[in-house]
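A.B. asks: Before I ask anything, here is the structure I am working with.
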Amino acid sequence: MSIPQEIVDEIETLVLVVDAGESTDDERHRLADLLAKYPDASRVVAELLDQQAALADAGRSVQRRTPMLQLPRLRPTADAPSATTVDAQKKNSTATQNDLASRYRPFKADKGSKPRSLWRFAPAIAASLLLTHLAAAGLGWFAMQRDGDRVGQVATTGGISPAESRDDPPPAMTAPQLVAMTGCVWEPSEGLEPSVGQSLDRGQVLNLQEGIAVLEIGREGGSSNAKLRIDGPAQLLVRDDGLLEFSFGTLTADVRDFEDEFVIVTSEGRVALTNNASFGIVAASERSEVHIFAGKATVLPSWADHRGPIAQLHAGEAVAILSGQSGEPSVTRFEASPVSFVSSRSMAADELDFSGAYHSAILRAKPAVYWRFEEGDTVVKNEGDRVGLDGFVGGTVTWHHSENNRAIEFGLSEISGLVVSRDVWPSEPLDNYSIEFWAKPSHFHLGTMVSLVGELTLAAQSPVSMLVEIGGPTIRDSDYVAPNGIRFLHQDPMSLDPTTRTSCQSISSYSVRKWQHFVARCEAKQLELFVDGKVVASGHSSAPLPEGTRVLVGQLYPTIDRGPQGTAYRPYVGQIDELSLYERALSVEEIRRHCELARPTVAGGDSI
């Protein structure tokens with residue numbers, strides 16, 4: 001049957017209007033009637049959809065290769081040191097920022113926006129459209145069929161085959177909601193910052209520079225639930241069709257009680273999970289990994305000319321998908337690795353058991369300050385030789401209890417926490433000294449674990465004479481802390497300038513969610529940083545450690561952050577225990593002996 005040109009024009013117009021999510025009920029009914037009357041119109045519709053898909057694929061290709069911008073910290077303090085390196089990066093990134101702004105709405109998007117959807121047309125052509133276009137292109141459209149005066153919806157789950165013979169469609173997906181955050185630093189979007197309890201609208205982009213964010217998504221009115229943990233740096237897009245597209249980063253998730261598959265889209269493929277599945281994804285611009293820890297999954301391609309699935313995975317299996325120059329990817333199978341995912345490991349999975357032998361060994365070493373964190377919620381008793389050097393707790397901290405030990409934990413509240421001495425140490429300049437403690441960072445981030453600071457300035461900052469800090473996965477304030485490295489700073493006179501070079505830092509990375517033994521030692525102007533009894537960095541200092549500083553644990557400056565406008569700077573997120581400060585250089589044998597005596601043990605526990 002030939003189709004009049006005016007009918008072709010009308011069908012094309014109606015398809016575009018419905019596809020844009022701007023159609024009325026009358027327009028959708030009119031489109032269904034025309035397609036039932038003119039079966040040959042399925043070819044016209046398929047060609048039009050192919051054009052739309054090509055445009056959408058081109059846009060996604062640009063998006064997944066957009067590099068994450070290296071931006072300065074989100075909450076600068078009043079007179080914070082300048083970040084020359086980052087400023088230069090920002091100037092050079094203007095074009096990229098404009099491109100992002102043109103393609104994405106800011107995080108808090110207009111709630112009046114409508115999702116895009118394409119509706120199933122007449123039953124006579126529905127099967128051919130789904131097989132020749134929708135399934136092949138892998139589009140996440142929603143379909144509608146007309147049966148007399150009744151209109152029903154059936155989801156195609158983002159290109160995965162729909163449930164067979166489903167009379168009642170599954171309830172709509174709820175909007176992803178942020179339910180927990182740990183030490184998160186967000187890439188700014190018009191000054192907005194995500195908060196716990198906030199839902200993500202379609203079209204929004206979540207840019208996480210560092211930290212761990214937890215999202216929940218489910219079915220409306222049901223018990224279905226998927227809990228996703230995202231490790232920064234990472235980017236997650238809520239697409240216009242409601243699917244989650246994970247552009248880059250590391251993600252772990254647990255899926256429970258979904259009636260059909262739960263789908264995550266990556267640049268290299270789509271991952272469809274069955275009920276009660278647990279998995280991890282590592283996504284990059286040209287490579288993606290999928291690890292299945294429980295249940296099973298199907299990995300489908302994101303390109304239109306590949307009809308079959310890339311891989312079927314069961315518990316314990318993983319696959320790496322690498323883009324090829326020809327467009328066809330290479331696929332490598334290997335064993336799933338839970339240890340590759342930080343947030344899948346509980347903070348309680350690695351515990352310390354300090355025996356009486358460890359305690360005695362520290363006391364024999366004659367520390368001036370010895371904070372064990374075993375007693376007291378507001379005051380930490382000093383068991384060292386110097387009187388009056390107790391630690392005072394400020395802000396919000398958590399006390400982590402295990403069978404044989406108690407440790408202090410920072411970063412589990414929006415209000416920052418710290419421990420600081422009111423009296424000063426040392427009482428005179430020191431040519432030789434040691435700082436010893438145990439720490440378990442929650443994740444890779446920029447945070448000051450232990451420091452010696454002077455009096456606060458009007459800008460809520462303090463000059464620093466010594467610090468031990470860890471670096472994050474990206475460079476933010478300047479280039480003086482290596483990504484995922486450890487830095488030991490020593491300087492005299494004390495200074496507010498964080499770019500001083502009187503420091504040493506490790507080339508190797510620290511571990512996360514695992515106890516490590518740290519010792520910063522200065523002997524005869526030689527600086528050395530030990531981790532687990534081994535030297536990881538060394539340097540040289542020409543001046544002694546100045547006197548009259550306060551001992552500070554948990555962040556760089558002794559101020560309390562009570563929200564987005566607070567003054568906490570470089571806060572540490574994780575646990576710290578058994579802090580000792582010595583007015584001499586510990587010997588290598590003492591350092592190694594102390595490390596051996598702690599005997600860390602492993603215990604079970606749930607992840608965040």
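Chain identifiers are assigned as A, B, and so on, following the order in which chains appear in the structure tokens; residues are numbered from 1 within each chain, and ligands are numbered from 1 in order of appearance.
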DSSP on the backbone: what in stretch 496-583 of chain A comes out strand (DSSP E), as a PyMOL selection string?
C.D. replies: chain A and resi 503-505+516-523+526-531+534-540+550-553+574-582
A.B. asks: For stretch 540-555 of chain A, work out the shell of residues within 7 Å, counting only C-alpha atoms and skipping chain neighbours fewer than 5 positions away, then give it as a PDB file with C-alpha atoms, in the first residue's frame.
C.D. replies:
ATOM      1  CA  PHE A 410      37.030  10.370  61.600  1.00  0.00           C
ATOM      2  CA  GLY A 417      36.230  15.816  64.135  1.00  0.00           C
ATOM      3  CA  LEU A 418      39.695  16.223  65.621  1.00  0.00           C
ATOM      4  CA  VAL A 419      41.851  15.666  68.708  1.00  0.00           C
ATOM      5  CA  VAL A 420      44.185  18.485  69.786  1.00  0.00           C
ATOM      6  CA  SER A 421      46.427  19.145  72.796  1.00  0.00           C
ATOM      7  CA  ARG A 422      45.977  22.360  74.801  1.00  0.00           C
ATOM      8  CA  ASP A 423      49.555  22.313  75.975  1.00  0.00           C
ATOM      9  CA  VAL A 424      52.447  22.553  73.551  1.00  0.00           C
ATOM     10  CA  TRP A 425      55.203  20.151  72.523  1.00  0.00           C
ATOM     11  CA  PRO A 426      58.184  20.132  72.256  1.00  0.00           C
ATOM     12  CA  SER A 427      59.409  22.560  74.886  1.00  0.00           C
ATOM     13  CA  GLU A 428      62.651  23.188  72.969  1.00  0.00           C
ATOM     14  CA  PRO A 429      63.833  22.683  69.363  1.00  0.00           C
ATOM     15  CA  LEU A 430      64.555  19.058  68.455  1.00  0.00           C
ATOM     16  CA  ASP A 431      67.225  17.819  66.053  1.00  0.00           C
ATOM     17  CA  GLY A 447      43.860  14.097  54.380  1.00  0.00           C
ATOM     18  CA  THR A 448      46.214  15.104  57.209  1.00  0.00           C
ATOM     19  CA  MET A 449      46.543  12.331  59.784  1.00  0.00           C
ATOM     20  CA  VAL A 450      48.898  13.895  62.372  1.00  0.00           C
ATOM     21  CA  SER A 451      50.375  17.403  62.515  1.00  0.00           C
ATOM     22  CA  LEU A 452      52.080  19.916  64.830  1.00  0.00           C
ATOM     23  CA  VAL A 453      50.498  23.350  64.518  1.00  0.00           C
ATOM     24  CA  GLY A 454      50.837  26.876  65.854  1.00  0.00           C
ATOM     25  CA  SER A 465      55.962  22.615  61.609  1.00  0.00           C
ATOM     26  CA  GLN A 491      59.882  22.854  58.467  1.00  0.00           C
ATOM     27  CA  ASP A 492      61.356  25.593  60.631  1.00  0.00           C
ATOM     28  CA  PRO A 493      60.121  28.232  60.990  1.00  0.00           C
ATOM     29  CA  THR A 502      61.311  20.554  53.142  1.00  0.00           C
ATOM     30  CA  LYS A 525      68.800  16.262  59.700  1.00  0.00           C
ATOM     31  CA  GLN A 526      67.841  13.145  57.761  1.00  0.00           C
ATOM     32  CA  LEU A 527      64.090  12.633  57.234  1.00  0.00           C
ATOM     33  CA  TYR A 569      40.851  21.715  55.584  1.00  0.00           C
ATOM     34  CA  ARG A 570      42.348  18.428  54.386  1.00  0.00           C
ATOM     35  CA  PRO A 571      40.290  16.295  56.837  1.00  0.00           C
ATOM     36  CA  TYR A 572      41.327  12.680  57.264  1.00  0.00           C
TER      37      TYR A 572
END
A.B. asks: Report as a VMD selection string all protein, DNA and RNA residues lying within 8 Å of A:Gly197, evaluated on only C-alpha atoms, omitting residues in the same chain fewer than 6 positions from it.
C.D. replies: chain A and resid 177 to 179
A.B. asks: Tell me, which residues of stretch 209-442 of chain A carry DSSP helix (DSSP H, G or I), written as a PyMOL selection string?
C.D. replies: chain A and resi 338-340+342-344+356-364
A.B. asks: Quick one: residues within 8 Å of A:Ile408, only C-alpha atoms, excluding same-chain residues fewer than 6 positions away - as a PyMOL selection string?
C.D. replies: chain A and resi 373+397-400+575-577
A.B. asks: Hey, can you spit out that residue selection with C-alpha atoms as a PDB file, in the first residue's frame?
C.D. replies:
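Everything below was put into out37.pdb:
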ATOM      1  CA  PHE A 373      42.380   6.187  72.552  1.00  0.00           C
ATOM      2  CA  VAL A 397      34.266  11.477  66.013  1.00  0.00           C
ATOM      3  CA  THR A 398      33.357   7.790  66.250  1.00  0.00           C
ATOM      4  CA  TRP A 399      34.861   5.240  68.610  1.00  0.00           C
ATOM      5  CA  HIS A 400      35.472   1.952  66.835  1.00  0.00           C
ATOM      6  CA  GLN A 575      40.747   5.251  61.820  1.00  0.00           C
ATOM      7  CA  ILE A 576      43.849   6.123  63.887  1.00  0.00           C
ATOM      8  CA  ASP A 577      45.261   4.398  66.948  1.00  0.00           C
TER       9      ASP A 577
END
A.B. asks: Just give me the gap between atom CA of A:Leu556 and atom CA of A:Gly232 in Å, one decimal is fine.
C.D. replies: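 Separating atom CA of A:Leu556 from atom CA of A:Gly232 is a distance of 21.9 Å.
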A.B. asks: Measuring between only C-alpha atoms, which one of A:Ser360, A:Ser346, A:Thr298, A:Ser580 shows the shortest distance to A:Tyr433?
C.D. replies: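 Smallest separation from A:Tyr433 among the options: A:Ser580.
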A.B. asks: Between atom CA of A:Ile321 and atom CA of A:Asp254, measure the distance and give it in Å to one decimal.
C.D. replies: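 Separation of atom CA of A:Ile321 and atom CA of A:Asp254: 21.7 Å.
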A.B. asks: If we count only C-alpha atoms, what is near A:Cys504 at a cut-off of 8 Å, once residues fewer than 3 positions away on the same chain are taken out, given as an NGL selection string?
C.D. replies: :A and (487-489 or 501 or 527-529 or 537-539)
